[in-house]
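*Asks:* Got query10.txt for you, compact mmCIF, N, CA and C atoms:
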```txt
# COMPACT_ATOMS: atom_id res chain seq x y z
N MET A 16 -175.02 15.35 -129.17
CA MET A 16 -173.74 16.02 -128.96
C MET A 16 -173.97 17.52 -128.75
N LEU A 17 -173.23 18.09 -127.87
CA LEU A 17 -173.33 19.50 -127.54
C LEU A 17 -172.83 20.35 -128.72
N THR A 18 -173.58 21.41 -129.02
CA THR A 18 -173.14 22.36 -130.05
C THR A 18 -171.92 23.10 -129.52
N GLU A 19 -170.91 23.19 -130.33
CA GLU A 19 -169.67 23.86 -129.94
C GLU A 19 -169.85 25.37 -129.93
N ASN A 20 -169.58 26.02 -128.80
CA ASN A 20 -169.60 27.48 -128.73
C ASN A 20 -168.45 28.04 -129.57
N THR A 21 -168.56 29.29 -129.96
CA THR A 21 -167.49 29.89 -130.75
C THR A 21 -166.32 30.34 -129.90
N LEU A 22 -166.51 30.44 -128.59
CA LEU A 22 -165.41 30.72 -127.67
C LEU A 22 -165.53 29.73 -126.50
N VAL A 23 -164.52 28.89 -126.34
CA VAL A 23 -164.51 27.91 -125.25
C VAL A 23 -163.15 28.02 -124.56
N PRO A 24 -163.11 28.63 -123.37
CA PRO A 24 -161.83 28.75 -122.67
C PRO A 24 -161.32 27.38 -122.20
N GLU A 25 -160.02 27.21 -122.30
CA GLU A 25 -159.37 26.01 -121.78
C GLU A 25 -158.50 26.43 -120.60
N LEU A 26 -158.80 25.89 -119.44
CA LEU A 26 -158.10 26.26 -118.22
C LEU A 26 -157.04 25.23 -117.89
N SER A 27 -155.83 25.69 -117.66
CA SER A 27 -154.77 24.81 -117.18
C SER A 27 -154.98 24.60 -115.69
N VAL A 28 -154.98 23.35 -115.27
CA VAL A 28 -155.22 23.03 -113.86
C VAL A 28 -154.06 22.23 -113.30
N SER A 29 -153.83 22.35 -112.00
CA SER A 29 -152.69 21.66 -111.40
C SER A 29 -152.96 20.18 -111.15
N ASP A 30 -154.23 19.80 -110.92
CA ASP A 30 -154.58 18.41 -110.68
C ASP A 30 -155.97 18.15 -111.26
N ILE A 31 -156.03 17.39 -112.35
CA ILE A 31 -157.30 17.16 -113.05
C ILE A 31 -158.33 16.50 -112.15
N LYS A 32 -157.92 15.60 -111.26
CA LYS A 32 -158.87 14.91 -110.39
C LYS A 32 -159.54 15.88 -109.42
N ILE A 33 -158.76 16.78 -108.84
CA ILE A 33 -159.31 17.79 -107.92
C ILE A 33 -160.26 18.71 -108.66
N SER A 34 -159.88 19.14 -109.86
CA SER A 34 -160.74 20.03 -110.65
C SER A 34 -162.02 19.33 -111.08
N LEU A 35 -161.93 18.08 -111.51
CA LEU A 35 -163.13 17.35 -111.90
C LEU A 35 -164.07 17.17 -110.72
N ASN A 36 -163.54 16.90 -109.55
CA ASN A 36 -164.37 16.78 -108.36
C ASN A 36 -165.11 18.09 -108.09
N PHE A 37 -164.41 19.20 -108.19
CA PHE A 37 -165.01 20.52 -107.95
C PHE A 37 -166.13 20.80 -108.96
N TYR A 38 -165.82 20.69 -110.24
CA TYR A 38 -166.79 21.06 -111.28
C TYR A 38 -167.96 20.08 -111.40
N LEU A 39 -167.72 18.80 -111.18
CA LEU A 39 -168.77 17.80 -111.37
C LEU A 39 -169.54 17.43 -110.11
N ASN A 40 -168.89 17.50 -108.95
CA ASN A 40 -169.53 17.04 -107.71
C ASN A 40 -169.95 18.17 -106.78
N ILE A 41 -169.24 19.27 -106.78
CA ILE A 41 -169.61 20.41 -105.95
C ILE A 41 -170.47 21.37 -106.77
N LEU A 42 -170.03 21.67 -107.98
CA LEU A 42 -170.82 22.44 -108.94
C LEU A 42 -171.55 21.45 -109.84
N PRO A 43 -172.64 21.88 -110.49
CA PRO A 43 -173.40 20.94 -111.32
C PRO A 43 -173.00 20.88 -112.80
N PHE A 44 -171.70 21.02 -113.10
CA PHE A 44 -171.27 20.90 -114.48
C PHE A 44 -171.48 19.46 -114.95
N LYS A 45 -171.60 19.30 -116.25
CA LYS A 45 -171.79 17.99 -116.88
C LYS A 45 -170.53 17.66 -117.69
N MET A 46 -170.11 16.40 -117.64
CA MET A 46 -168.99 15.95 -118.45
C MET A 46 -169.49 15.75 -119.88
N GLU A 47 -168.91 16.47 -120.82
CA GLU A 47 -169.24 16.28 -122.23
C GLU A 47 -168.39 15.15 -122.82
N TYR A 48 -167.10 15.24 -122.59
CA TYR A 48 -166.19 14.15 -122.96
C TYR A 48 -164.86 14.39 -122.27
N GLN A 49 -164.06 13.34 -122.25
CA GLN A 49 -162.73 13.48 -121.65
C GLN A 49 -161.74 12.59 -122.38
N ARG A 50 -160.48 12.94 -122.21
CA ARG A 50 -159.36 12.12 -122.69
C ARG A 50 -158.46 11.89 -121.49
N PRO A 51 -158.73 10.84 -120.72
CA PRO A 51 -157.94 10.59 -119.50
C PRO A 51 -156.44 10.50 -119.76
N GLU A 52 -156.07 9.96 -120.91
CA GLU A 52 -154.64 9.83 -121.23
C GLU A 52 -153.96 11.18 -121.38
N ASP A 53 -154.74 12.22 -121.70
CA ASP A 53 -154.21 13.58 -121.81
C ASP A 53 -154.53 14.43 -120.58
N LYS A 54 -155.25 13.83 -119.61
CA LYS A 54 -155.71 14.56 -118.43
C LYS A 54 -156.47 15.81 -118.86
N PHE A 55 -157.47 15.57 -119.74
CA PHE A 55 -158.27 16.62 -120.37
C PHE A 55 -159.75 16.28 -120.23
N ALA A 56 -160.59 17.33 -120.07
CA ALA A 56 -162.03 17.14 -120.06
C ALA A 56 -162.72 18.39 -120.61
N LYS A 57 -163.84 18.17 -121.27
CA LYS A 57 -164.71 19.28 -121.69
C LYS A 57 -165.98 19.18 -120.85
N LEU A 58 -166.36 20.32 -120.24
CA LEU A 58 -167.48 20.38 -119.31
C LEU A 58 -168.48 21.43 -119.77
N SER A 59 -169.73 21.29 -119.33
CA SER A 59 -170.74 22.29 -119.69
C SER A 59 -171.72 22.50 -118.53
N LEU A 60 -172.34 23.67 -118.55
CA LEU A 60 -173.38 24.03 -117.59
C LEU A 60 -174.26 25.09 -118.24
N ASN A 61 -175.52 24.77 -118.48
CA ASN A 61 -176.47 25.72 -119.06
C ASN A 61 -175.97 26.39 -120.33
N GLY A 62 -175.32 25.66 -121.20
CA GLY A 62 -174.80 26.23 -122.45
C GLY A 62 -173.40 26.80 -122.33
N CYS A 63 -172.92 26.99 -121.11
CA CYS A 63 -171.54 27.45 -120.88
C CYS A 63 -170.62 26.24 -121.08
N GLN A 64 -169.51 26.45 -121.74
CA GLN A 64 -168.55 25.36 -121.96
C GLN A 64 -167.16 25.78 -121.54
N ILE A 65 -166.46 24.87 -120.88
CA ILE A 65 -165.05 25.07 -120.56
C ILE A 65 -164.32 23.76 -120.80
N MET A 66 -163.05 23.89 -121.06
CA MET A 66 -162.18 22.72 -121.14
C MET A 66 -161.17 22.88 -120.01
N ILE A 67 -160.79 21.77 -119.41
CA ILE A 67 -159.74 21.79 -118.40
C ILE A 67 -158.70 20.74 -118.77
N GLU A 68 -157.45 21.07 -118.55
CA GLU A 68 -156.37 20.14 -118.84
C GLU A 68 -155.27 20.34 -117.81
N GLU A 69 -154.78 19.23 -117.29
CA GLU A 69 -153.70 19.31 -116.32
C GLU A 69 -152.47 19.89 -117.01
N ILE A 70 -151.77 20.74 -116.29
CA ILE A 70 -150.60 21.42 -116.83
C ILE A 70 -149.62 20.41 -117.41
N ASN A 71 -149.23 20.66 -118.67
CA ASN A 71 -148.30 19.76 -119.35
C ASN A 71 -147.20 20.52 -120.10
N GLY A 72 -147.22 21.85 -120.00
CA GLY A 72 -146.19 22.66 -120.66
C GLY A 72 -146.50 23.00 -122.09
N TYR A 73 -147.44 22.29 -122.71
CA TYR A 73 -147.72 22.51 -124.13
C TYR A 73 -148.34 23.87 -124.42
N TRP A 74 -149.36 24.26 -123.64
CA TRP A 74 -150.05 25.52 -123.87
C TRP A 74 -149.49 26.66 -123.02
N GLN A 75 -148.53 26.39 -122.23
CA GLN A 75 -148.02 27.35 -121.25
C GLN A 75 -147.27 28.50 -121.92
N THR A 76 -147.66 29.73 -121.57
CA THR A 76 -147.00 30.91 -122.14
C THR A 76 -146.09 31.59 -121.13
N GLY A 77 -146.12 31.11 -119.90
CA GLY A 77 -145.29 31.65 -118.84
C GLY A 77 -145.47 30.81 -117.59
N GLU A 78 -144.75 31.16 -116.54
CA GLU A 78 -144.85 30.41 -115.30
C GLU A 78 -146.21 30.61 -114.65
N LEU A 79 -146.82 29.53 -114.24
CA LEU A 79 -148.11 29.60 -113.55
C LEU A 79 -147.89 29.55 -112.05
N SER A 80 -148.55 30.44 -111.35
CA SER A 80 -148.54 30.40 -109.90
C SER A 80 -149.94 30.78 -109.41
N TYR A 81 -150.32 30.23 -108.29
CA TYR A 81 -151.66 30.46 -107.74
C TYR A 81 -151.85 31.92 -107.34
N PRO A 82 -152.96 32.54 -107.62
CA PRO A 82 -154.12 32.04 -108.35
C PRO A 82 -153.92 32.16 -109.86
N PHE A 83 -154.23 31.10 -110.59
CA PHE A 83 -154.02 31.08 -112.04
C PHE A 83 -154.87 32.12 -112.77
N GLY A 84 -156.03 32.42 -112.26
CA GLY A 84 -156.99 33.28 -112.97
C GLY A 84 -156.85 34.76 -112.74
N ARG A 85 -155.69 35.23 -112.38
CA ARG A 85 -155.53 36.67 -112.12
C ARG A 85 -155.93 37.50 -113.34
N GLY A 86 -156.82 38.46 -113.11
CA GLY A 86 -157.18 39.38 -114.18
C GLY A 86 -158.39 38.97 -115.00
N ILE A 87 -159.02 37.84 -114.68
CA ILE A 87 -160.19 37.42 -115.45
C ILE A 87 -161.21 36.81 -114.51
N ASN A 88 -162.49 37.02 -114.83
CA ASN A 88 -163.53 36.25 -114.15
C ASN A 88 -164.47 35.73 -115.21
N PHE A 89 -164.97 34.54 -115.00
CA PHE A 89 -165.87 33.91 -115.94
C PHE A 89 -167.30 34.04 -115.41
N GLN A 90 -168.15 34.76 -116.13
CA GLN A 90 -169.54 34.88 -115.74
C GLN A 90 -170.31 33.70 -116.30
N ILE A 91 -171.01 33.00 -115.42
CA ILE A 91 -171.76 31.82 -115.80
C ILE A 91 -173.21 32.01 -115.35
N ARG A 92 -174.13 32.06 -116.31
CA ARG A 92 -175.55 32.27 -116.00
C ARG A 92 -176.18 30.95 -115.58
N VAL A 93 -176.92 30.99 -114.49
CA VAL A 93 -177.64 29.82 -113.99
C VAL A 93 -179.10 30.20 -113.74
N SER A 94 -179.96 29.20 -113.69
CA SER A 94 -181.37 29.48 -113.47
C SER A 94 -181.72 29.55 -111.99
N ASP A 95 -180.97 28.84 -111.14
CA ASP A 95 -181.25 28.85 -109.70
C ASP A 95 -179.94 29.04 -108.93
N ILE A 96 -179.59 30.28 -108.69
CA ILE A 96 -178.33 30.60 -108.02
C ILE A 96 -178.31 30.10 -106.57
N ASN A 97 -179.47 30.07 -105.93
CA ASN A 97 -179.52 29.65 -104.53
C ASN A 97 -179.13 28.19 -104.35
N GLU A 98 -179.57 27.31 -105.24
CA GLU A 98 -179.22 25.89 -105.15
C GLU A 98 -177.71 25.69 -105.32
N LEU A 99 -177.12 26.40 -106.26
CA LEU A 99 -175.68 26.32 -106.49
C LEU A 99 -174.92 26.80 -105.26
N TYR A 100 -175.36 27.91 -104.70
CA TYR A 100 -174.74 28.47 -103.50
C TYR A 100 -174.84 27.49 -102.33
N LYS A 101 -176.00 26.87 -102.17
CA LYS A 101 -176.21 25.88 -101.09
C LYS A 101 -175.26 24.70 -101.24
N SER A 102 -175.03 24.25 -102.47
CA SER A 102 -174.12 23.13 -102.70
C SER A 102 -172.70 23.48 -102.27
N LEU A 103 -172.25 24.68 -102.59
CA LEU A 103 -170.92 25.11 -102.17
C LEU A 103 -170.83 25.18 -100.65
N ARG A 104 -171.87 25.72 -100.01
CA ARG A 104 -171.90 25.80 -98.54
C ARG A 104 -171.91 24.40 -97.91
N LYS A 105 -172.70 23.51 -98.49
CA LYS A 105 -172.79 22.14 -97.98
C LYS A 105 -171.42 21.44 -97.99
N HIS A 106 -170.65 21.72 -99.02
CA HIS A 106 -169.31 21.15 -99.14
C HIS A 106 -168.25 21.98 -98.42
N LYS A 107 -168.70 23.03 -97.70
CA LYS A 107 -167.80 23.93 -96.96
C LYS A 107 -166.74 24.54 -97.88
N TYR A 108 -167.15 24.83 -99.11
CA TYR A 108 -166.24 25.42 -100.08
C TYR A 108 -166.23 26.94 -99.87
N PRO A 109 -165.05 27.57 -99.84
CA PRO A 109 -164.98 29.02 -99.56
C PRO A 109 -165.62 29.86 -100.67
N ILE A 110 -166.41 30.82 -100.24
CA ILE A 110 -167.07 31.77 -101.15
C ILE A 110 -166.27 33.07 -101.12
N LYS A 111 -165.93 33.58 -102.28
CA LYS A 111 -165.14 34.82 -102.35
C LYS A 111 -166.02 36.06 -102.11
N MET A 112 -167.24 36.05 -102.67
CA MET A 112 -168.18 37.15 -102.46
C MET A 112 -169.58 36.54 -102.34
N ASP A 113 -170.24 36.81 -101.23
CA ASP A 113 -171.58 36.27 -101.00
C ASP A 113 -172.58 36.80 -102.02
N ILE A 114 -173.73 36.15 -102.09
CA ILE A 114 -174.77 36.55 -103.03
C ILE A 114 -175.18 38.00 -102.78
N GLN A 115 -175.27 38.73 -103.87
CA GLN A 115 -175.77 40.10 -103.81
C GLN A 115 -176.49 40.43 -105.10
N GLU A 116 -177.33 41.46 -105.04
CA GLU A 116 -178.04 41.93 -106.21
C GLU A 116 -177.32 43.15 -106.76
N ASN A 117 -177.02 43.13 -108.06
CA ASN A 117 -176.35 44.26 -108.69
C ASN A 117 -177.06 44.61 -109.99
N TRP A 118 -177.01 45.90 -110.32
CA TRP A 118 -177.59 46.41 -111.56
C TRP A 118 -176.50 47.12 -112.34
N TYR A 119 -176.36 46.76 -113.62
CA TYR A 119 -175.31 47.31 -114.48
C TYR A 119 -175.96 48.04 -115.65
N ARG A 120 -175.46 49.25 -115.92
CA ARG A 120 -176.01 50.02 -117.03
C ARG A 120 -175.55 49.43 -118.36
N ALA A 121 -176.51 49.29 -119.27
CA ALA A 121 -176.24 48.87 -120.65
C ALA A 121 -176.96 49.86 -121.55
N ASN A 122 -176.23 50.89 -121.96
CA ASN A 122 -176.82 52.03 -122.69
C ASN A 122 -177.90 52.67 -121.82
N ALA A 123 -179.16 52.72 -122.27
CA ALA A 123 -180.21 53.40 -121.52
C ALA A 123 -180.93 52.48 -120.53
N LYS A 124 -180.60 51.21 -120.52
CA LYS A 124 -181.25 50.25 -119.63
C LYS A 124 -180.30 49.82 -118.51
N TRP A 125 -180.88 49.26 -117.47
CA TRP A 125 -180.12 48.69 -116.37
C TRP A 125 -180.44 47.20 -116.31
N LEU A 126 -179.41 46.36 -116.34
CA LEU A 126 -179.58 44.91 -116.29
C LEU A 126 -179.27 44.43 -114.88
N GLY A 127 -180.20 43.68 -114.33
CA GLY A 127 -180.03 43.21 -112.96
C GLY A 127 -179.63 41.76 -112.89
N GLN A 128 -178.82 41.45 -111.89
CA GLN A 128 -178.48 40.06 -111.65
C GLN A 128 -178.14 39.84 -110.19
N LYS A 129 -178.53 38.67 -109.73
CA LYS A 129 -178.14 38.17 -108.43
C LYS A 129 -176.85 37.41 -108.70
N GLU A 130 -175.79 37.63 -107.91
CA GLU A 130 -174.51 37.02 -108.25
C GLU A 130 -173.67 36.76 -107.01
N PHE A 131 -172.74 35.82 -107.17
CA PHE A 131 -171.71 35.59 -106.16
C PHE A 131 -170.46 35.10 -106.85
N LEU A 132 -169.34 35.19 -106.12
CA LEU A 132 -168.04 34.79 -106.67
C LEU A 132 -167.45 33.64 -105.87
N VAL A 133 -166.79 32.74 -106.59
CA VAL A 133 -166.07 31.63 -105.98
C VAL A 133 -164.83 31.37 -106.84
N MET A 134 -163.76 30.95 -106.20
CA MET A 134 -162.55 30.60 -106.95
C MET A 134 -162.48 29.09 -107.04
N ASP A 135 -162.14 28.59 -108.22
CA ASP A 135 -161.98 27.14 -108.36
C ASP A 135 -160.67 26.72 -107.67
N PRO A 136 -160.35 25.43 -107.60
CA PRO A 136 -159.16 25.00 -106.86
C PRO A 136 -157.85 25.63 -107.31
N ASP A 137 -157.78 26.11 -108.56
CA ASP A 137 -156.55 26.73 -109.05
C ASP A 137 -156.61 28.25 -109.06
N GLY A 138 -157.70 28.82 -108.56
CA GLY A 138 -157.78 30.27 -108.44
C GLY A 138 -158.46 30.97 -109.59
N TYR A 139 -159.12 30.24 -110.48
CA TYR A 139 -159.92 30.89 -111.52
C TYR A 139 -161.18 31.43 -110.87
N LEU A 140 -161.50 32.69 -111.13
CA LEU A 140 -162.64 33.34 -110.51
C LEU A 140 -163.90 33.09 -111.33
N LEU A 141 -164.89 32.47 -110.68
CA LEU A 141 -166.16 32.16 -111.32
C LEU A 141 -167.23 33.06 -110.73
N ARG A 142 -167.96 33.74 -111.60
CA ARG A 142 -169.05 34.62 -111.15
C ARG A 142 -170.36 34.01 -111.64
N PHE A 143 -171.10 33.41 -110.71
CA PHE A 143 -172.38 32.82 -111.05
C PHE A 143 -173.45 33.88 -110.93
N VAL A 144 -174.31 33.98 -111.96
CA VAL A 144 -175.34 35.02 -112.00
C VAL A 144 -176.69 34.42 -112.35
N GLN A 145 -177.72 35.02 -111.78
CA GLN A 145 -179.10 34.73 -112.15
C GLN A 145 -179.71 36.04 -112.59
N THR A 146 -180.24 36.08 -113.79
CA THR A 146 -180.79 37.30 -114.37
C THR A 146 -182.04 37.75 -113.61
N LEU A 147 -182.10 39.05 -113.33
CA LEU A 147 -183.26 39.65 -112.65
C LEU A 147 -184.11 40.49 -113.58
N GLY A 148 -183.68 40.64 -114.82
CA GLY A 148 -184.42 41.44 -115.78
C GLY A 148 -183.76 42.79 -116.01
N GLU A 149 -184.55 43.71 -116.55
CA GLU A 149 -184.01 45.04 -116.82
C GLU A 149 -184.96 46.12 -116.35
N ARG A 150 -184.39 47.28 -116.12
CA ARG A 150 -185.14 48.46 -115.70
C ARG A 150 -184.67 49.64 -116.53
N ASP A 151 -185.53 50.64 -116.58
CA ASP A 151 -185.07 51.84 -117.29
C ASP A 151 -184.45 52.82 -116.30
N LYS A 152 -183.90 53.89 -116.81
CA LYS A 152 -183.15 54.85 -116.00
C LYS A 152 -183.99 55.44 -114.87
N ILE A 153 -185.25 55.76 -115.15
CA ILE A 153 -186.12 56.38 -114.15
C ILE A 153 -186.30 55.45 -112.95
N GLU A 154 -186.56 54.19 -113.21
CA GLU A 154 -186.72 53.23 -112.11
C GLU A 154 -185.47 53.14 -111.25
N MET A 155 -184.30 53.15 -111.85
CA MET A 155 -183.07 53.05 -111.11
C MET A 155 -182.85 54.28 -110.24
N ASN A 156 -183.19 55.45 -110.76
CA ASN A 156 -183.05 56.68 -109.96
C ASN A 156 -183.96 56.65 -108.74
N GLU A 157 -185.12 56.03 -108.87
CA GLU A 157 -186.05 55.94 -107.75
C GLU A 157 -185.51 55.01 -106.65
N LEU A 158 -184.64 54.07 -107.01
CA LEU A 158 -184.08 53.14 -106.03
C LEU A 158 -183.05 53.81 -105.14
N LYS A 159 -182.48 54.90 -105.60
CA LYS A 159 -181.39 55.54 -104.85
C LYS A 159 -181.90 56.51 -103.83
```
Kindly return the structure encoded in the file as C-alpha cells.
*Replies:*
Amino acid sequence: MLTENTLVPELSVSDIKISLNFYLNILPFKMEYQRPEDKFAKLSLNGCQIMIEEINGYWQTGELSYPFGRGINFQIRVSDINELYKSLRKHKYPIKMDIQENWYRANAKWLGQKEFLVMDPDGYLLRFVQTLGERDKIEMNELK
C-alpha cells in the first residue's frame, strides 16, 4: 500500500472517465484505488499523489467554471520528462508551455529544472519537471 502523503490535493473533475483516461493512459499515473460508486479515484506518480472526484456538490465552495485550476499549478517531479512529453504529443494533447530549462534561486544556490506545462481536461495546470541539479551564484552569473 502506498504511504499517504501529508498533503494530497483532491481535484473536482467534470467527467471522471475523461480524467481517468488522461491521467492513466496519456500520462503515466498509477491507480492506487477507486470508488466507482462515488466517481472517485486516488492516483500516484513518482510519490506524487492526487485524488480526483466527479463534481457532486459536496466539496464545492463556489461555482466551478473552466479552467478549474485558476491560480494554482501542481509541480510534479519525473525522472524522464522527454518520455512524458512524447506521450502527450503522440496523443495530440495540447501543451501549454513547451519544454524549457529554468533556474530558480533558493537562497545562495540556483536550482535547475527542465519543465513544461499542460492543462488537464478540466484546466488544472500541471508543471512536469526533471531536476538538473544546483549551481552557485558565480556559475549563474557566468551564464548571463
*Asks:* Dump as a Markdown table the rows for residues of region 73-138 of chain A within 7 Å of region 41-60 of chain A: closest atom pair and distance in Å with one decimal, all atoms listed in the file counted, ordered by chain and rising residue number.
*Replies:*
```
| residue | atom | partner | partner_atom | distance |
| --- | --- | --- | --- | --- |
| A:Arg92 | C | A:Leu60 | C | 6.7 |
| A:Leu99 | CA | A:Leu42 | CA | 6.7 |
| A:Ser102 | C | A:Ile41 | C | 5.4 |
| A:Leu103 | N | A:Ile41 | C | 5.6 |
| A:His106 | CA | A:Ile41 | CA | 6.9 |
```
*Asks:* Return the single residue from A:Asn122, A:Ser80, A:Asn88, A:Asn36 that is closest to Leu141 (chain A), with distances computed using all atoms listed in the file.
*Replies:*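 Using all atoms listed in the file, Leu141 (chain A) sits closest to A:Asn88.
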*Asks:* Can you check which residues of chain A DSSP gives as strand (DSSP E or B) on the backbone and send them as a ChimeraX atom specification?
*Replies:* /A:25-28,45-50,55-60,63-69,88-92,112-121,124-134,140-151
*Asks:* Any idea what's packed within 7 Å of region 22-25 of chain A, counting only N, CA and C atoms, ignoring anything in its chain fewer than 3 positions away? Could you give it as a ChimeraX atom specification?
*Replies:* /A:19,64-68
*Asks:* Show me, as a PyMOL selection string, the residues that have an atom within 6.5 Å of region 126-138 of chain A when counting all atoms listed in the file, minus same-chain residues fewer than 3 positions from it.
*Replies:* chain A and resi 28-29+34+81-85+109-121+141-150
*Asks:* Provide the atom N of Tyr38 (chain A) to CA of Thr21 (chain A) distance in Å, to one decimal place.
*Replies:*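 That distance, rounded to one decimal, is 22.5 Å.
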*Asks:* Counting only N, CA and C atoms, figure out which residue out of A:Ile70, A:Leu79, A:Leu140, A:Ile87 gets nearest to Ile31 (chain A).
*Replies:*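 Nearest candidate to Ile31 (chain A) out of A:Ile70, A:Leu79, A:Leu140, A:Ile87: A:Ile70.
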*Asks:* To one decimal place, how far is CA of Thr76 (chain A) from CA of Phe89 (chain A) in Å?
*Replies:*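 We find that CA of Thr76 (chain A) and CA of Phe89 (chain A) lie 20.1 Å from each other.
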*Asks:* Atom N of Glu98 (chain A) and atom C of Asn40 (chain A), how far apart in Å?
*Replies:*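 So the answer is 13.4 Å.
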*Asks:* Running DSSP on the backbone, which parts of region 32-132 of chain A land in helix (DSSP H, G or I), as a PDB file with N, CA and C atoms, in the frame of the given file?
*Replies:*
```pdb
ATOM      1  N   LYS A  32    -157.920  15.600-111.260  1.00  0.00           N
ATOM      2  CA  LYS A  32    -158.870  14.910-110.390  1.00  0.00           C
ATOM      3  C   LYS A  32    -159.540  15.880-109.420  1.00  0.00           C
ATOM      4  N   ILE A  33    -158.760  16.780-108.840  1.00  0.00           N
ATOM      5  CA  ILE A  33    -159.310  17.790-107.920  1.00  0.00           C
ATOM      6  C   ILE A  33    -160.260  18.710-108.660  1.00  0.00           C
ATOM      7  N   SER A  34    -159.880  19.140-109.860  1.00  0.00           N
ATOM      8  CA  SER A  34    -160.740  20.030-110.650  1.00  0.00           C
ATOM      9  C   SER A  34    -162.020  19.330-111.080  1.00  0.00           C
ATOM     10  N   LEU A  35    -161.930  18.080-111.510  1.00  0.00           N
ATOM     11  CA  LEU A  35    -163.130  17.350-111.900  1.00  0.00           C
ATOM     12  C   LEU A  35    -164.070  17.170-110.720  1.00  0.00           C
ATOM     13  N   ASN A  36    -163.540  16.900-109.550  1.00  0.00           N
ATOM     14  CA  ASN A  36    -164.370  16.780-108.360  1.00  0.00           C
ATOM     15  C   ASN A  36    -165.110  18.090-108.090  1.00  0.00           C
ATOM     16  N   PHE A  37    -164.410  19.200-108.190  1.00  0.00           N
ATOM     17  CA  PHE A  37    -165.010  20.520-107.950  1.00  0.00           C
ATOM     18  C   PHE A  37    -166.130  20.800-108.960  1.00  0.00           C
ATOM     19  N   TYR A  38    -165.820  20.690-110.240  1.00  0.00           N
ATOM     20  CA  TYR A  38    -166.790  21.060-111.280  1.00  0.00           C
ATOM     21  C   TYR A  38    -167.960  20.080-111.400  1.00  0.00           C
ATOM     22  N   LEU A  39    -167.720  18.800-111.180  1.00  0.00           N
ATOM     23  CA  LEU A  39    -168.770  17.800-111.370  1.00  0.00           C
ATOM     24  C   LEU A  39    -169.540  17.430-110.110  1.00  0.00           C
ATOM     25  N   ASN A  40    -168.890  17.500-108.950  1.00  0.00           N
ATOM     26  CA  ASN A  40    -169.530  17.040-107.710  1.00  0.00           C
ATOM     27  C   ASN A  40    -169.950  18.170-106.780  1.00  0.00           C
ATOM     28  N   ILE A  41    -169.240  19.270-106.780  1.00  0.00           N
ATOM     29  CA  ILE A  41    -169.610  20.410-105.950  1.00  0.00           C
ATOM     30  C   ILE A  41    -170.470  21.370-106.770  1.00  0.00           C
ATOM     31  N   PRO A  51    -158.730  10.840-120.720  1.00  0.00           N
ATOM     32  CA  PRO A  51    -157.940  10.590-119.500  1.00  0.00           C
ATOM     33  C   PRO A  51    -156.440  10.500-119.760  1.00  0.00           C
ATOM     34  N   GLU A  52    -156.070   9.960-120.910  1.00  0.00           N
ATOM     35  CA  GLU A  52    -154.640   9.830-121.230  1.00  0.00           C
ATOM     36  C   GLU A  52    -153.960  11.180-121.380  1.00  0.00           C
ATOM     37  N   ASP A  53    -154.740  12.220-121.700  1.00  0.00           N
ATOM     38  CA  ASP A  53    -154.210  13.580-121.810  1.00  0.00           C
ATOM     39  C   ASP A  53    -154.530  14.430-120.580  1.00  0.00           C
ATOM     40  N   ILE A  96    -179.590  30.280-108.690  1.00  0.00           N
ATOM     41  CA  ILE A  96    -178.330  30.600-108.020  1.00  0.00           C
ATOM     42  C   ILE A  96    -178.310  30.100-106.570  1.00  0.00           C
ATOM     43  N   ASN A  97    -179.470  30.070-105.930  1.00  0.00           N
ATOM     44  CA  ASN A  97    -179.520  29.650-104.530  1.00  0.00           C
ATOM     45  C   ASN A  97    -179.130  28.190-104.350  1.00  0.00           C
ATOM     46  N   GLU A  98    -179.570  27.310-105.240  1.00  0.00           N
ATOM     47  CA  GLU A  98    -179.220  25.890-105.150  1.00  0.00           C
ATOM     48  C   GLU A  98    -177.710  25.690-105.320  1.00  0.00           C
ATOM     49  N   LEU A  99    -177.120  26.400-106.260  1.00  0.00           N
ATOM     50  CA  LEU A  99    -175.680  26.320-106.490  1.00  0.00           C
ATOM     51  C   LEU A  99    -174.920  26.800-105.260  1.00  0.00           C
ATOM     52  N   TYR A 100    -175.360  27.910-104.700  1.00  0.00           N
ATOM     53  CA  TYR A 100    -174.740  28.470-103.500  1.00  0.00           C
ATOM     54  C   TYR A 100    -174.840  27.490-102.330  1.00  0.00           C
ATOM     55  N   LYS A 101    -176.000  26.870-102.170  1.00  0.00           N
ATOM     56  CA  LYS A 101    -176.210  25.880-101.090  1.00  0.00           C
ATOM     57  C   LYS A 101    -175.260  24.700-101.240  1.00  0.00           C
ATOM     58  N   SER A 102    -175.030  24.250-102.470  1.00  0.00           N
ATOM     59  CA  SER A 102    -174.120  23.130-102.700  1.00  0.00           C
ATOM     60  C   SER A 102    -172.700  23.480-102.270  1.00  0.00           C
ATOM     61  N   LEU A 103    -172.250  24.680-102.590  1.00  0.00           N
ATOM     62  CA  LEU A 103    -170.920  25.110-102.170  1.00  0.00           C
ATOM     63  C   LEU A 103    -170.830  25.180-100.650  1.00  0.00           C
ATOM     64  N   ARG A 104    -171.870  25.720-100.010  1.00  0.00           N
ATOM     65  CA  ARG A 104    -171.900  25.800 -98.540  1.00  0.00           C
ATOM     66  C   ARG A 104    -171.910  24.400 -97.910  1.00  0.00           C
ATOM     67  N   LYS A 105    -172.700  23.510 -98.490  1.00  0.00           N
ATOM     68  CA  LYS A 105    -172.790  22.140 -97.980  1.00  0.00           C
ATOM     69  C   LYS A 105    -171.420  21.440 -97.990  1.00  0.00           C
TER      70      LYS A 105
END
```
*Asks:* Using 3 Å of padding on each side, determine the axis-aligned box around all atoms of region 133-136 of chain A present in the file and give its centre and edge lengths in Å to one decimal, as lines of an AutoDock Vina configuration file.
*Replies:*
```
center_x = -162.3
center_y = 28.9
center_z = -107.2
size_x = 14.9
size_y = 13.7
size_z = 8.4
```
